Amino acid sequence: MNWVDHETYIELYPPAEFDFKECRIFLERSDQEVLHQIKDGAVYKLLEIKGSLILCKVVGSGHSIKIEFPAKTPSVLERKKAGEYVWEWFDLECDLSGFYQMAAQDEVLKTVARKYGGLRIMCMPDLFEALVWAIIGQQINLAFAYTLKKRFVEQFGESLTFGGDKFFVFPSVHKIASLKIEDLTKHQFSTRKAEYIIGIAKDMESGKLTKELLLQQQDIHQIRKSLMSIRGVGAWTADYVMMKCLHQPSAFPIADVGLHNALKHLLGLKQKPTLNEIERYGVNWEGWQAYAVFYLWRSLYDNKL
């Protein structure tokens, strides 16, 4: 991480292929989002760091990212942890030059890669959050998924009020592991999803499931297999988590409805492409499937912004 600690704020220096505004536009895609707020071009994000709630104000500033702390000045360690979180959140460790070289020669991607240059996969550094969000989104539309997530976070997550606004952190593994199934079903979670989420929380609390253990696997196929051994995690969920949390650029959620809709719209198709057709499109994307999918997702929001 390339950064400077200015004590009252920290400054991150991202790689060349980065555009804060493009990333912020993606973060603005839903007015139901409860885990960050955007005001006057700044992204406000509450973090839980070593038991303390730290409010971060993330701003694009020329060729850097400034992280200010409007509620209180954190300790040196807390500032470092906040910087590490934002660095991972914006996927700044990834060198995108190879992706842009590939995309410039690809009939499907060349337009979107140029149009959204500097966009990074907006990640979920917390494995529990990534798994829960993916499970919430199974077999329901995105609007209802955001509704369920909002209820989940507001009911079980910690919060901090500052400047008249309430900010939330994602519920802790410990909190969710202690719940009963009906604690979630009364908020319109299906019984199955409630069982999956509480089961994952218990596995993570016991140490049976951790991000570190997954990343120690030999290759992407082994990571995928390990994820799919978790109750409630199928192929799409595993690929989504590898893409959004485990920083695997080869992750390819090929069954994703948003991907199908984006290709249909972008290519002017009369109907959604088949999985075999998507595989053929994706032959050129080898090693960069996750970024190809993310840029195609981004194209879906043009009509909404």
# chains A, B, ... in the order shown; residues from 1 in each chain; ligands from 1
call {"tool": "select_by_dssp", "arguments": {"residues": "region 160-281 of chain A", "states": "strand (DSSP E)", "output": "PyMOL selection string"}}
result
chain A and resi 160-162+165-168
call {"tool": "residues_around", "arguments": {"residues": "Lys115 (chain A)", "least_positions_apart": "3", "cutoff": "10 Å", "atoms": "only C-alpha atoms", "output": "ChimeraX atom specification"}}
result
/A:22,109-112,118-119,295,299
call {"tool": "atom_distance", "arguments": {"atom1": "CA of Gly117 (chain A)", "atom2": "CA of Trp133 (chain A)"}}
result
26.6 Å
call {"tool": "residues_around", "arguments": {"residues": "region 194-208 of chain A", "least_positions_apart": "6", "cutoff": "6 Å", "atoms": "only C-alpha atoms", "output": "list in words"}}
result
Val173, Ile176, Ala177, Ile181, Leu184 and Gly232 of chain A
call {"tool": "residues_around", "arguments": {"residues": "Gln271 (chain A)", "least_positions_apart": "5", "cutoff": "10 Å", "atoms": "only C-alpha atoms", "output": "list of chain:residue names"}}
result
A:His260, A:Asn261, A:Leu263, A:Lys264, A:His265
call {"tool": "residues_around", "arguments": {"residues": "region 211-217 of chain A", "least_positions_apart": "6", "cutoff": "9 Å", "atoms": "only C-alpha atoms", "output": "ChimeraX atom specification"}}
result
/A:126-128,223-224,226-227,245-246
call {"tool": "closest_residue", "arguments": {"among": "A:Ser172, A:Thr147, A:Gln289, A:Ser61", "to": "Asp19 (chain A)", "atoms": "only C-alpha atoms"}}
result
A:Ser61
call {"tool": "residues_around", "arguments": {"residues": "His247 (chain A)", "least_positions_apart": "5", "cutoff": "12 Å", "atoms": "only C-alpha atoms", "output": "MDAnalysis selection string"}}
result
chainID A and resid 88:95 120:127 130 211 214:215 220 223 239:242 252 287:291
call {"tool": "closest_residue", "arguments": {"among": "A:Trp3, A:Phe170, A:Tyr13, A:Phe99", "to": "Asn284 (chain A)", "atoms": "only C-alpha atoms"}}
result
A:Phe99
call {"tool": "closest_residue", "arguments": {"among": "A:Arg29, A:Lys21, A:Lys72, A:Arg79", "to": "Val59 (chain A)", "atoms": "only C-alpha atoms"}}
result
A:Lys21
call {"tool": "select_by_dssp", "arguments": {"residues": "region 196-302 of chain A", "states": "helix (DSSP H, G or I)", "output": "PyMOL selection string"}}
result
chain A and resi 196-206+211-215+220-228+235-244+257-267+275-285+289-299+302
call {"tool": "closest_residue", "arguments": {"among": "A:Phe20, A:Phe294, A:Tyr281, A:Tyr9", "to": "Ala251 (chain A)", "atoms": "only C-alpha atoms"}}
result
A:Phe294
call {"tool": "closest_residue", "arguments": {"among": "A:Glu158, A:Thr8, A:Tyr100, A:Pro15", "to": "Pro70 (chain A)", "atoms": "only C-alpha atoms"}}
result
A:Thr8
call {"tool": "decode", "arguments": {"residues": "region 151-179 of chain A", "atoms": "N, CA and C atoms", "output": "PDB file, in the first residue's frame"}}
result
ATOM      1  N   ARG A 151     -32.571  -4.302   6.163  1.00  0.00           N
ATOM      2  CA  ARG A 151     -33.177  -4.784   7.413  1.00  0.00           C
ATOM      3  C   ARG A 151     -32.154  -5.526   8.279  1.00  0.00           C
ATOM      4  N   PHE A 152     -31.363  -6.362   7.649  1.00  0.00           N
ATOM      5  CA  PHE A 152     -30.358  -7.169   8.345  1.00  0.00           C
ATOM      6  C   PHE A 152     -29.339  -6.275   9.048  1.00  0.00           C
ATOM      7  N   VAL A 153     -28.834  -5.282   8.311  1.00  0.00           N
ATOM      8  CA  VAL A 153     -27.801  -4.396   8.855  1.00  0.00           C
ATOM      9  C   VAL A 153     -28.377  -3.501   9.957  1.00  0.00           C
ATOM     10  N   GLU A 154     -29.541  -2.907   9.702  1.00  0.00           N
ATOM     11  CA  GLU A 154     -30.111  -1.986  10.688  1.00  0.00           C
ATOM     12  C   GLU A 154     -30.561  -2.708  11.956  1.00  0.00           C
ATOM     13  N   GLN A 155     -30.977  -3.960  11.816  1.00  0.00           N
ATOM     14  CA  GLN A 155     -31.433  -4.712  12.975  1.00  0.00           C
ATOM     15  C   GLN A 155     -30.274  -5.259  13.806  1.00  0.00           C
ATOM     16  N   PHE A 156     -29.205  -5.703  13.154  1.00  0.00           N
ATOM     17  CA  PHE A 156     -28.162  -6.457  13.869  1.00  0.00           C
ATOM     18  C   PHE A 156     -26.780  -5.807  13.839  1.00  0.00           C
ATOM     19  N   GLY A 157     -26.595  -4.732  13.059  1.00  0.00           N
ATOM     20  CA  GLY A 157     -25.287  -4.093  12.981  1.00  0.00           C
ATOM     21  C   GLY A 157     -25.149  -2.944  13.965  1.00  0.00           C
ATOM     22  N   GLU A 158     -23.922  -2.644  14.352  1.00  0.00           N
ATOM     23  CA  GLU A 158     -23.667  -1.481  15.206  1.00  0.00           C
ATOM     24  C   GLU A 158     -23.728  -0.208  14.366  1.00  0.00           C
ATOM     25  N   SER A 159     -23.963   0.914  15.039  1.00  0.00           N
ATOM     26  CA  SER A 159     -24.099   2.165  14.294  1.00  0.00           C
ATOM     27  C   SER A 159     -23.461   3.322  15.054  1.00  0.00           C
ATOM     28  N   LEU A 160     -23.246   4.403  14.323  1.00  0.00           N
ATOM     29  CA  LEU A 160     -22.719   5.642  14.888  1.00  0.00           C
ATOM     30  C   LEU A 160     -23.493   6.785  14.240  1.00  0.00           C
ATOM     31  N   THR A 161     -23.936   7.739  15.050  1.00  0.00           N
ATOM     32  CA  THR A 161     -24.642   8.909  14.524  1.00  0.00           C
ATOM     33  C   THR A 161     -23.693  10.101  14.523  1.00  0.00           C
ATOM     34  N   PHE A 162     -23.600  10.766  13.373  1.00  0.00           N
ATOM     35  CA  PHE A 162     -22.723  11.931  13.251  1.00  0.00           C
ATOM     36  C   PHE A 162     -23.363  12.919  12.286  1.00  0.00           C
ATOM     37  N   GLY A 163     -23.421  14.164  12.681  1.00  0.00           N
ATOM     38  CA  GLY A 163     -23.971  15.211  11.819  1.00  0.00           C
ATOM     39  C   GLY A 163     -25.407  14.959  11.417  1.00  0.00           C
ATOM     40  N   GLY A 164     -26.156  14.300  12.292  1.00  0.00           N
ATOM     41  CA  GLY A 164     -27.556  14.019  12.002  1.00  0.00           C
ATOM     42  C   GLY A 164     -27.787  12.785  11.148  1.00  0.00           C
ATOM     43  N   ASP A 165     -26.712  12.106  10.727  1.00  0.00           N
ATOM     44  CA  ASP A 165     -26.836  10.897   9.908  1.00  0.00           C
ATOM     45  C   ASP A 165     -26.389   9.678  10.706  1.00  0.00           C
ATOM     46  N   LYS A 166     -27.026   8.557  10.416  1.00  0.00           N
ATOM     47  CA  LYS A 166     -26.696   7.307  11.093  1.00  0.00           C
ATOM     48  C   LYS A 166     -25.927   6.413  10.128  1.00  0.00           C
ATOM     49  N   PHE A 167     -24.782   5.934  10.576  1.00  0.00           N
ATOM     50  CA  PHE A 167     -23.931   5.076   9.759  1.00  0.00           C
ATOM     51  C   PHE A 167     -23.847   3.696  10.407  1.00  0.00           C
ATOM     52  N   PHE A 168     -23.785   2.655   9.586  1.00  0.00           N
ATOM     53  CA  PHE A 168     -23.810   1.285  10.091  1.00  0.00           C
ATOM     54  C   PHE A 168     -22.581   0.500   9.643  1.00  0.00           C
ATOM     55  N   VAL A 169     -22.225  -0.483  10.471  1.00  0.00           N
ATOM     56  CA  VAL A 169     -21.263  -1.505  10.049  1.00  0.00           C
ATOM     57  C   VAL A 169     -22.009  -2.823   9.881  1.00  0.00           C
ATOM     58  N   PHE A 170     -21.453  -3.706   9.085  1.00  0.00           N
ATOM     59  CA  PHE A 170     -22.089  -4.990   8.850  1.00  0.00           C
ATOM     60  C   PHE A 170     -22.125  -5.789  10.149  1.00  0.00           C
ATOM     61  N   PRO A 171     -23.216  -6.515  10.402  1.00  0.00           N
ATOM     62  CA  PRO A 171     -23.316  -7.292  11.648  1.00  0.00           C
ATOM     63  C   PRO A 171     -22.139  -8.247  11.837  1.00  0.00           C
ATOM     64  N   SER A 172     -21.744  -8.426  13.077  1.00  0.00           N
ATOM     65  CA  SER A 172     -20.593  -9.282  13.376  1.00  0.00           C
ATOM     66  C   SER A 172     -20.965 -10.759  13.289  1.00  0.00           C
ATOM     67  N   VAL A 173     -19.963 -11.554  13.025  1.00  0.00           N
ATOM     68  CA  VAL A 173     -20.131 -13.013  13.020  1.00  0.00           C
ATOM     69  C   VAL A 173     -20.702 -13.480  14.355  1.00  0.00           C
ATOM     70  N   HIS A 174     -20.154 -12.939  15.449  1.00  0.00           N
ATOM     71  CA  HIS A 174     -20.586 -13.347  16.790  1.00  0.00           C
ATOM     72  C   HIS A 174     -22.070 -13.064  17.012  1.00  0.00           C
ATOM     73  N   LYS A 175     -22.519 -11.897  16.571  1.00  0.00           N
ATOM     74  CA  LYS A 175     -23.924 -11.514  16.740  1.00  0.00           C
ATOM     75  C   LYS A 175     -24.845 -12.463  15.971  1.00  0.00           C
ATOM     76  N   ILE A 176     -24.500 -12.749  14.728  1.00  0.00           N
ATOM     77  CA  ILE A 176     -25.378 -13.564  13.880  1.00  0.00           C
ATOM     78  C   ILE A 176     -25.330 -15.032  14.288  1.00  0.00           C
ATOM     79  N   ALA A 177     -24.184 -15.485  14.763  1.00  0.00           N
ATOM     80  CA  ALA A 177     -24.070 -16.886  15.203  1.00  0.00           C
ATOM     81  C   ALA A 177     -24.990 -17.186  16.382  1.00  0.00           C
ATOM     82  N   SER A 178     -25.364 -16.153  17.134  1.00  0.00           N
ATOM     83  CA  SER A 178     -26.202 -16.346  18.317  1.00  0.00           C
ATOM     84  C   SER A 178     -27.701 -16.288  17.999  1.00  0.00           C
ATOM     85  N   LEU A 179     -28.055 -15.992  16.741  1.00  0.00           N
ATOM     86  CA  LEU A 179     -29.468 -15.822  16.385  1.00  0.00           C
ATOM     87  C   LEU A 179     -30.182 -17.161  16.222  1.00  0.00           C
TER      88      LEU A 179
END
